[in-house]
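For reference, the structure discussed in these notes is given below.
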Amino acid sequence: MKGLLGKKIGMINFFDESGNSIAATVIEGGPCTVVQVKTVEKDGYQAVQLGYIERKEKNTSKPLLGHFGRAKVIPQRVLREFRDFENEVKEGDQIGVELFEKGERVKITGLSKGRGFAGVVKRHGFRGGPKTHGQSDRHRAPGSIGQSSYPKRVFKGLKMAGRMGHKRVTIENLEILKIVPERNYLLVKGGVPGARNSIVEIRK
């Protein structure tokens, strides 16, 4: 397992060697700081804790200041753990996009865009009611949600209106099209969950 924290920059058209246009997402991968190395003997499992984006000490709580001070690193805004890290690292090391190679497949996790309260047509793709035969107010309604005689209740998990988006989403098997080490950029094929400048996790 290899892992890195990054920031979604946006999407571009990427042209390959044959001149084909490919929709690609630009991600600023790192540089991340190794804040803690967890071992099976001490913690019960093997993992590497990475920090991303420096923060001011005055905006950091005392317990976190102690955590960063023990590792002798600058306080970080985002902390994530990556289990079974295949590279040998120690606390204080800097990790960047050189961790990955062109053509490698990765899975990327991010927080999807929040859409607020949405109806069933937008949220679940319902067709809606008929426009005629006296149906003046049923155009985007869900229709019947239960039965009258049996079981006389609404089933759990029924698709209904509600809050849409703002969930942790993972997209797997994304190909790395290009790496720009001098700017810490990764170009991956296709779309990535989240808005611009949102934090993403990149895993092999």
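The way I read the labels, and the way they are meant: chains A, B, ... in the order of the structure tokens, residue 1 as the first residue of every chain, and ligand 1 as the first ligand shown, with later ones counted on from there.
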
>> Please list as JSON, numbers by chain every residue within 8 Å of Ile108 in chain A, counting only C-alpha atoms and excluding residues in the same chain fewer than 2 positions away.
In response: {"A": [106, 110, 170, 171, 172, 174, 192, 200, 201, 202, 203]}

File dump, residues just selected, C-alpha atoms, as a compact mmCIF listing (two decimals), in the first residue's frame:
# COMPACT_ATOMS: atom_id res chain seq x y z
CA VAL A 106 -4.81 4.32 -7.99
CA GLY A 110 -12.84 12.49 -1.43
CA THR A 170 -14.05 6.37 -3.46
CA ILE A 171 -13.33 5.89 -7.17
CA GLU A 172 -11.07 2.95 -7.99
CA LEU A 174 -7.91 5.51 -12.05
CA VAL A 192 -12.51 12.67 -8.92
CA VAL A 200 -8.38 13.83 -1.48
CA GLU A 201 -6.63 10.60 -0.46
CA ILE A 202 -4.62 8.81 -3.16
CA ARG A 203 -3.92 5.09 -2.64

>> When you look at Phe100 in chain A with a cut-off of 10 Å (counting only C-alpha atoms), what residues show up, excluding the ones that are within fewer than 2 positions of it in the same chain? I need them as a PyMOL selection string.
In response: chain A and resi 2-4+96-98+102-106+176+179+186+202-204

Pull N, CA, C and O atoms from the residues just selected and write them as a PDB file, in the first residue's frame.
ATOM      1  N   LYS A   2       0.619   2.124  -0.955  1.00  0.00           N
ATOM      2  CA  LYS A   2       1.246   3.441  -0.980  1.00  0.00           C
ATOM      3  C   LYS A   2       0.144   4.472  -0.862  1.00  0.00           C
ATOM      4  O   LYS A   2      -0.948   4.282  -1.415  1.00  0.00           O
ATOM      5  N   GLY A   3       0.383   5.565  -0.157  1.00  0.00           N
ATOM      6  CA  GLY A   3      -0.668   6.557   0.006  1.00  0.00           C
ATOM      7  C   GLY A   3      -0.121   7.967   0.070  1.00  0.00           C
ATOM      8  O   GLY A   3       1.030   8.194   0.439  1.00  0.00           O
ATOM      9  N   LEU A   4      -0.993   8.918  -0.286  1.00  0.00           N
ATOM     10  CA  LEU A   4      -0.610  10.322  -0.312  1.00  0.00           C
ATOM     11  C   LEU A   4      -1.854  11.176  -0.155  1.00  0.00           C
ATOM     12  O   LEU A   4      -2.939  10.802  -0.609  1.00  0.00           O
ATOM     13  N   GLY A  96       6.239  13.020  -1.561  1.00  0.00           N
ATOM     14  CA  GLY A  96       5.578  13.733  -2.654  1.00  0.00           C
ATOM     15  C   GLY A  96       5.111  12.790  -3.749  1.00  0.00           C
ATOM     16  O   GLY A  96       5.001  11.579  -3.553  1.00  0.00           O
ATOM     17  N   VAL A  97       4.872  13.360  -4.938  1.00  0.00           N
ATOM     18  CA  VAL A  97       4.320  12.578  -6.050  1.00  0.00           C
ATOM     19  C   VAL A  97       5.301  11.553  -6.607  1.00  0.00           C
ATOM     20  O   VAL A  97       4.898  10.659  -7.365  1.00  0.00           O
ATOM     21  N   GLU A  98       6.576  11.663  -6.227  1.00  0.00           N
ATOM     22  CA  GLU A  98       7.556  10.674  -6.709  1.00  0.00           C
ATOM     23  C   GLU A  98       7.255   9.272  -6.173  1.00  0.00           C
ATOM     24  O   GLU A  98       7.859   8.290  -6.623  1.00  0.00           O
ATOM     25  N   LYS A 102       4.038   6.863 -13.650  1.00  0.00           N
ATOM     26  CA  LYS A 102       3.110   7.031 -14.770  1.00  0.00           C
ATOM     27  C   LYS A 102       2.569   5.657 -15.198  1.00  0.00           C
ATOM     28  O   LYS A 102       3.303   4.690 -15.280  1.00  0.00           O
ATOM     29  N   GLY A 103       1.257   5.588 -15.434  1.00  0.00           N
ATOM     30  CA  GLY A 103       0.616   4.341 -15.826  1.00  0.00           C
ATOM     31  C   GLY A 103       0.108   3.518 -14.669  1.00  0.00           C
ATOM     32  O   GLY A 103      -0.612   2.529 -14.874  1.00  0.00           O
ATOM     33  N   GLU A 104       0.472   3.896 -13.445  1.00  0.00           N
ATOM     34  CA  GLU A 104       0.021   3.163 -12.258  1.00  0.00           C
ATOM     35  C   GLU A 104      -1.468   3.408 -12.022  1.00  0.00           C
ATOM     36  O   GLU A 104      -2.011   4.451 -12.402  1.00  0.00           O
ATOM     37  N   ARG A 105      -2.133   2.429 -11.421  1.00  0.00           N
ATOM     38  CA  ARG A 105      -3.569   2.549 -11.102  1.00  0.00           C
ATOM     39  C   ARG A 105      -3.727   2.911  -9.627  1.00  0.00           C
ATOM     40  O   ARG A 105      -3.076   2.329  -8.763  1.00  0.00           O
ATOM     41  N   VAL A 106      -4.587   3.872  -9.362  1.00  0.00           N
ATOM     42  CA  VAL A 106      -4.812   4.325  -7.989  1.00  0.00           C
ATOM     43  C   VAL A 106      -6.303   4.406  -7.696  1.00  0.00           C
ATOM     44  O   VAL A 106      -7.132   4.418  -8.610  1.00  0.00           O
ATOM     45  N   ILE A 176      -2.879   6.923 -13.791  1.00  0.00           N
ATOM     46  CA  ILE A 176      -2.057   8.138 -13.744  1.00  0.00           C
ATOM     47  C   ILE A 176      -1.529   8.416 -15.141  1.00  0.00           C
ATOM     48  O   ILE A 176      -0.790   7.613 -15.715  1.00  0.00           O
ATOM     49  N   ILE A 179       2.947  12.793 -14.448  1.00  0.00           N
ATOM     50  CA  ILE A 179       3.420  13.301 -13.163  1.00  0.00           C
ATOM     51  C   ILE A 179       4.308  14.512 -13.424  1.00  0.00           C
ATOM     52  O   ILE A 179       5.206  14.463 -14.270  1.00  0.00           O
ATOM     53  N   LEU A 186      -0.267  15.512 -10.078  1.00  0.00           N
ATOM     54  CA  LEU A 186      -0.637  14.220 -10.649  1.00  0.00           C
ATOM     55  C   LEU A 186      -1.806  14.442 -11.588  1.00  0.00           C
ATOM     56  O   LEU A 186      -2.776  15.112 -11.228  1.00  0.00           O
ATOM     57  N   ILE A 202      -5.048   9.593  -1.989  1.00  0.00           N
ATOM     58  CA  ILE A 202      -4.624   8.806  -3.163  1.00  0.00           C
ATOM     59  C   ILE A 202      -3.957   7.535  -2.640  1.00  0.00           C
ATOM     60  O   ILE A 202      -2.997   7.599  -1.876  1.00  0.00           O
ATOM     61  N   ARG A 203      -4.477   6.373  -3.072  1.00  0.00           N
ATOM     62  CA  ARG A 203      -3.922   5.088  -2.642  1.00  0.00           C
ATOM     63  C   ARG A 203      -3.618   4.220  -3.843  1.00  0.00           C
ATOM     64  O   ARG A 203      -4.353   4.250  -4.821  1.00  0.00           O
ATOM     65  N   LYS A 204      -2.548   3.431  -3.750  1.00  0.00           N
ATOM     66  CA  LYS A 204      -2.205   2.490  -4.811  1.00  0.00           C
ATOM     67  C   LYS A 204      -3.277   1.410  -4.882  1.00  0.00           C
ATOM     68  O   LYS A 204      -3.663   0.866  -3.851  1.00  0.00           O
TER      69      LYS A 204
END

>> Using DSSP assignments from the backbone, pull out every residue in chain A that falls under strand (DSSP E or B) and give it to me as a PyMOL selection string.
In response: chain A and resi 3-15+21-29+32-38+47-54+76-83+94-95+105-111+114-118+162-165+168-180+185-189+199-203

> So which residues of range 97-165 of chain A fall under helix (DSSP H, G or I) by DSSP, listed as a list of chain:residue names?
Replying inline: A:Val97, A:Glu98, A:Leu99, A:Val120, A:Val121, A:Lys122, A:Arg123, A:His124

At a cut-off of 9 Å, using only C-alpha atoms, what residues contact Phe126 in chain A? Leave out same-chain residues fewer than 6 positions from it and give the result as a PDB file with N, CA, C and O atoms, in the first residue's frame.
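Saved result, out.pdb, follows:
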ATOM      1  N   VAL A 120     -36.846  13.606  -5.025  1.00  0.00           N
ATOM      2  CA  VAL A 120     -36.539  12.273  -5.542  1.00  0.00           C
ATOM      3  C   VAL A 120     -36.121  12.291  -7.004  1.00  0.00           C
ATOM      4  O   VAL A 120     -35.380  11.415  -7.451  1.00  0.00           O
ATOM      5  N   ARG A 140     -43.247  16.174  -9.871  1.00  0.00           N
ATOM      6  CA  ARG A 140     -41.963  15.730  -9.324  1.00  0.00           C
ATOM      7  C   ARG A 140     -42.141  15.013  -7.982  1.00  0.00           C
ATOM      8  O   ARG A 140     -41.212  14.923  -7.180  1.00  0.00           O
ATOM      9  N   ALA A 141     -43.328  14.461  -7.768  1.00  0.00           N
ATOM     10  CA  ALA A 141     -43.622  13.763  -6.511  1.00  0.00           C
ATOM     11  C   ALA A 141     -43.168  12.302  -6.585  1.00  0.00           C
ATOM     12  O   ALA A 141     -43.063  11.727  -7.672  1.00  0.00           O
ATOM     13  N   PRO A 142     -42.892  11.663  -5.421  1.00  0.00           N
ATOM     14  CA  PRO A 142     -42.418  10.277  -5.438  1.00  0.00           C
ATOM     15  C   PRO A 142     -43.505   9.251  -5.743  1.00  0.00           C
ATOM     16  O   PRO A 142     -43.184   8.124  -6.110  1.00  0.00           O
TER      17      PRO A 142
END

> From the set A:Arg115, A:Tyr45, A:Arg183, A:Asn173, which residue has the shortest atom-to-atom contact distance to Asp84 in chain A, counting only C-alpha atoms?
Replying inline: A:Tyr45

>> At a cut-off of 10 Å, using only C-alpha atoms, what residues contact Ala161 in chain A? Leave out same-chain residues fewer than 3 positions from it and give the result as number ranges by chain.
In response: A: 117-124, 141-142, 158, 164

Take the residues that were just selected and, keeping N, CA, C and O atoms, output them as a PDB file, in the first residue's frame.
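Resulting contents of again-v3.pdb:
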ATOM      1  N   PHE A 117     -30.824  19.855   0.425  1.00  0.00           N
ATOM      2  CA  PHE A 117     -32.033  19.032   0.409  1.00  0.00           C
ATOM      3  C   PHE A 117     -32.531  18.933  -1.034  1.00  0.00           C
ATOM      4  O   PHE A 117     -32.756  19.931  -1.689  1.00  0.00           O
ATOM      5  N   ALA A 118     -32.690  17.685  -1.511  1.00  0.00           N
ATOM      6  CA  ALA A 118     -33.104  17.482  -2.905  1.00  0.00           C
ATOM      7  C   ALA A 118     -34.278  16.523  -2.955  1.00  0.00           C
ATOM      8  O   ALA A 118     -34.438  15.649  -2.092  1.00  0.00           O
ATOM      9  N   GLY A 119     -35.106  16.669  -3.979  1.00  0.00           N
ATOM     10  CA  GLY A 119     -36.254  15.792  -4.180  1.00  0.00           C
ATOM     11  C   GLY A 119     -35.851  14.486  -4.831  1.00  0.00           C
ATOM     12  O   GLY A 119     -34.692  14.258  -5.180  1.00  0.00           O
ATOM     13  N   VAL A 120     -36.846  13.606  -5.025  1.00  0.00           N
ATOM     14  CA  VAL A 120     -36.539  12.273  -5.542  1.00  0.00           C
ATOM     15  C   VAL A 120     -36.121  12.291  -7.004  1.00  0.00           C
ATOM     16  O   VAL A 120     -35.380  11.415  -7.451  1.00  0.00           O
ATOM     17  N   VAL A 121     -36.574  13.266  -7.781  1.00  0.00           N
ATOM     18  CA  VAL A 121     -36.198  13.321  -9.202  1.00  0.00           C
ATOM     19  C   VAL A 121     -34.708  13.625  -9.334  1.00  0.00           C
ATOM     20  O   VAL A 121     -33.980  12.959 -10.075  1.00  0.00           O
ATOM     21  N   LYS A 122     -34.230  14.605  -8.588  1.00  0.00           N
ATOM     22  CA  LYS A 122     -32.811  14.968  -8.658  1.00  0.00           C
ATOM     23  C   LYS A 122     -31.934  13.962  -7.899  1.00  0.00           C
ATOM     24  O   LYS A 122     -30.853  13.591  -8.357  1.00  0.00           O
ATOM     25  N   ARG A 123     -32.415  13.502  -6.758  1.00  0.00           N
ATOM     26  CA  ARG A 123     -31.598  12.655  -5.885  1.00  0.00           C
ATOM     27  C   ARG A 123     -31.507  11.215  -6.372  1.00  0.00           C
ATOM     28  O   ARG A 123     -30.455  10.584  -6.292  1.00  0.00           O
ATOM     29  N   HIS A 124     -32.625  10.653  -6.864  1.00  0.00           N
ATOM     30  CA  HIS A 124     -32.646   9.243  -7.226  1.00  0.00           C
ATOM     31  C   HIS A 124     -33.016   8.984  -8.690  1.00  0.00           C
ATOM     32  O   HIS A 124     -33.081   7.837  -9.104  1.00  0.00           O
ATOM     33  N   ALA A 141     -43.328  14.461  -7.768  1.00  0.00           N
ATOM     34  CA  ALA A 141     -43.622  13.763  -6.511  1.00  0.00           C
ATOM     35  C   ALA A 141     -43.168  12.302  -6.585  1.00  0.00           C
ATOM     36  O   ALA A 141     -43.063  11.727  -7.672  1.00  0.00           O
ATOM     37  N   PRO A 142     -42.892  11.663  -5.421  1.00  0.00           N
ATOM     38  CA  PRO A 142     -42.418  10.277  -5.438  1.00  0.00           C
ATOM     39  C   PRO A 142     -43.505   9.251  -5.743  1.00  0.00           C
ATOM     40  O   PRO A 142     -43.184   8.124  -6.110  1.00  0.00           O
ATOM     41  N   LEU A 158     -36.240   3.268   2.024  1.00  0.00           N
ATOM     42  CA  LEU A 158     -36.966   3.643   0.805  1.00  0.00           C
ATOM     43  C   LEU A 158     -36.376   4.930   0.230  1.00  0.00           C
ATOM     44  O   LEU A 158     -36.013   5.837   0.982  1.00  0.00           O
ATOM     45  N   MET A 164     -28.590  15.541  -0.051  1.00  0.00           N
ATOM     46  CA  MET A 164     -27.896  14.880  -1.154  1.00  0.00           C
ATOM     47  C   MET A 164     -26.424  15.294  -1.182  1.00  0.00           C
ATOM     48  O   MET A 164     -26.094  16.468  -1.009  1.00  0.00           O
TER      49      MET A 164
END

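The residue that comes closest to Gly29 in chain A, out of A:Lys159, A:Lys42, A:Lys8, A:Arg55 and on the basis of only C-alpha atoms, is A:Lys8.
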
Need the shell around Leu50 in chain A: protein/DNA/RNA residues with any atom at most 12 Å away, counting only C-alpha atoms. Skip same-chain ones fewer than 2 positions apart. Format as a tab-separated table (two decimals) with N, CA and C atoms, in the first residue's frame?
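The new file around-v5.tsv reads:
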chain	number	residue	atom	x	y	z
A	2	LYS	N	0.62	2.12	-0.96
A	2	LYS	CA	1.25	3.44	-0.98
A	2	LYS	C	0.14	4.47	-0.86
A	3	GLY	N	0.38	5.56	-0.16
A	3	GLY	CA	-0.67	6.56	0.01
A	3	GLY	C	-0.12	7.97	0.07
A	4	LEU	N	-0.99	8.92	-0.29
A	4	LEU	CA	-0.61	10.32	-0.31
A	4	LEU	C	-1.85	11.18	-0.15
A	5	LEU	N	-1.71	12.31	0.52
A	5	LEU	CA	-2.80	13.29	0.61
A	5	LEU	C	-2.58	14.36	-0.43
A	6	GLY	N	-3.66	14.89	-0.95
A	6	GLY	CA	-3.53	15.91	-1.99
A	6	GLY	C	-4.74	16.82	-2.03
A	30	GLY	N	0.62	16.24	-2.15
A	30	GLY	CA	1.64	16.57	-1.16
A	30	GLY	C	2.24	17.95	-1.37
A	31	PRO	N	3.46	18.20	-0.86
A	31	PRO	CA	4.24	17.26	-0.07
A	31	PRO	C	3.63	17.00	1.30
A	32	CYS	N	3.66	15.72	1.72
A	32	CYS	CA	3.11	15.31	3.00
A	32	CYS	C	4.26	15.02	3.98
A	33	THR	N	3.98	15.28	5.25
A	33	THR	CA	4.98	15.04	6.30
A	33	THR	C	4.59	13.80	7.09
A	34	VAL	N	5.56	12.93	7.34
A	34	VAL	CA	5.31	11.75	8.18
A	34	VAL	C	5.29	12.21	9.64
A	35	VAL	N	4.11	12.14	10.26
A	35	VAL	CA	3.94	12.61	11.64
A	35	VAL	C	4.14	11.48	12.63
A	36	GLN	N	3.73	10.26	12.26
A	36	GLN	CA	3.86	9.13	13.18
A	36	GLN	C	3.98	7.83	12.38
A	37	VAL	N	4.84	6.94	12.86
A	37	VAL	CA	4.97	5.60	12.28
A	37	VAL	C	4.48	4.60	13.33
A	38	LYS	N	3.39	3.90	13.05
A	38	LYS	CA	2.80	2.95	14.00
A	38	LYS	C	3.29	1.54	13.68
A	47	ALA	N	1.03	1.16	10.41
A	47	ALA	CA	0.47	2.28	9.63
A	47	ALA	C	1.43	3.46	9.68
A	48	VAL	N	1.22	4.37	8.73
A	48	VAL	CA	1.96	5.63	8.68
A	48	VAL	C	0.96	6.77	8.70
A	52	TYR	N	-0.79	17.02	6.15
A	52	TYR	CA	-0.81	17.80	4.90
A	52	TYR	C	-1.28	19.22	5.20
A	53	ILE	N	-0.65	20.20	4.61
A	53	ILE	CA	-0.91	21.64	4.72
A	53	ILE	C	-0.57	22.15	6.13
A	54	GLU	N	0.44	22.98	6.19
A	54	GLU	CA	0.88	23.53	7.48
A	54	GLU	C	-0.17	24.47	8.07
A	68	PHE	N	2.58	16.83	17.52
A	68	PHE	CA	3.51	17.29	16.48
A	68	PHE	C	4.90	17.55	17.05
A	71	ALA	N	7.12	14.50	17.30
A	71	ALA	CA	7.70	14.10	16.01
A	71	ALA	C	8.62	15.17	15.43
A	73	VAL	N	7.80	18.10	14.05
A	73	VAL	CA	7.32	18.59	12.75
A	73	VAL	C	6.40	19.79	12.98
A	75	PRO	N	3.02	21.89	12.84
A	75	PRO	CA	1.61	21.46	12.89
A	75	PRO	C	0.97	21.39	11.50
A	76	GLN	N	0.16	20.37	11.29
A	76	GLN	CA	-0.48	20.13	10.00
A	76	GLN	C	-2.01	20.21	10.14
A	77	ARG	N	-2.66	20.65	9.07
A	77	ARG	CA	-4.13	20.78	9.10
A	77	ARG	C	-4.83	19.44	8.99
A	78	VAL	N	-4.35	18.58	8.07
A	78	VAL	CA	-5.04	17.32	7.78
A	78	VAL	C	-4.14	16.16	8.20
A	79	LEU	N	-4.73	15.20	8.94
A	79	LEU	CA	-4.00	13.99	9.34
A	79	LEU	C	-4.76	12.77	8.86
A	80	ARG	N	-4.05	11.84	8.21
A	80	ARG	CA	-4.67	10.59	7.74
A	80	ARG	C	-3.68	9.44	7.94
A	81	GLU	N	-4.22	8.28	8.19
A	81	GLU	CA	-3.38	7.09	8.34
A	81	GLU	C	-3.47	6.21	7.10
A	82	PHE	N	-2.34	5.65	6.72
A	82	PHE	CA	-2.27	4.71	5.60
A	82	PHE	C	-1.65	3.42	6.13
A	83	ARG	N	-2.43	2.34	6.11
A	83	ARG	CA	-1.98	1.07	6.67
A	83	ARG	C	-1.02	0.34	5.73
A	85	PHE	N	2.13	0.58	4.91
A	85	PHE	CA	2.86	1.45	3.99
A	85	PHE	C	4.08	0.71	3.48
A	89	VAL	N	9.83	4.63	5.86
A	89	VAL	CA	9.86	6.06	6.19
A	89	VAL	C	10.07	6.21	7.70
A	90	LYS	N	10.48	7.42	8.08
A	90	LYS	CA	10.61	7.73	9.51
A	90	LYS	C	9.97	9.09	9.76
A	91	GLU	N	9.68	9.39	11.03
A	91	GLU	CA	8.99	10.63	11.38
A	91	GLU	C	9.80	11.84	10.94
A	92	GLY	N	9.09	12.79	10.31
A	92	GLY	CA	9.74	14.00	9.81
A	92	GLY	C	10.05	13.96	8.33
A	93	ASP	N	9.95	12.77	7.71
A	93	ASP	CA	10.22	12.65	6.27
A	93	ASP	C	9.16	13.37	5.44
A	94	GLN	N	9.57	13.86	4.28
A	94	GLN	CA	8.65	14.49	3.33
A	94	GLN	C	8.38	13.51	2.18
A	95	ILE	N	7.09	13.38	1.83
A	95	ILE	CA	6.68	12.47	0.76
A	95	ILE	C	5.92	13.27	-0.29
A	96	GLY	N	6.24	13.02	-1.56
A	96	GLY	CA	5.58	13.73	-2.65
A	96	GLY	C	5.11	12.79	-3.75
A	201	GLU	N	-7.59	11.63	-0.85
A	201	GLU	CA	-6.63	10.60	-0.46
A	201	GLU	C	-6.33	9.74	-1.68
A	202	ILE	N	-5.05	9.59	-1.99
A	202	ILE	CA	-4.62	8.81	-3.16
A	202	ILE	C	-3.96	7.53	-2.64

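CA of Lys107 in chain A is positioned 11.5 Å from CA of Gly191 in chain A.
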
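Among the candidates A:Pro130, A:Gly143, A:Gly194, A:Gly157, the one nearest to Ser112 in chain A when counting only C-alpha atoms is A:Gly194.
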
>> I'd like the interatomic distance between CA of Glu101 in chain A and CA of Phe15 in chain A, to a tenth of an Å.
In response: 18.3 Å

>> Which residues are near Leu187 in chain A? Cut-off 6 Å, only C-alpha atoms, ignore same chain within fewer than 6 positions. Put them as a list in words.
In response: Thr25, Val26, Ile176, Leu177 and Lys178 of chain A

> Which residue gives the smallest distance to Gly51 in chain A among A:Asn87, A:Ser148, A:Gly116, A:Ile199, with only C-alpha atoms counted?
Replying inline: A:Ile199

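Proximity ranking of A:His139, A:Lys72, A:His67, A:Gln49 relative to Arg127 in chain A places A:His139 first, based on only C-alpha atoms.
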
> Can you list, as a PyMOL selection string, every protein, DNA or RNA residue that comes within 9 Å of Ile9 in chain A when you count only C-alpha atoms, leaving out same-chain residues fewer than 2 positions away?
Replying inline: chain A and resi 7+11+25-28+195-198

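Distance-wise, CA of His166 in chain A and CA of Gly114 in chain A end up 4.2 Å apart.
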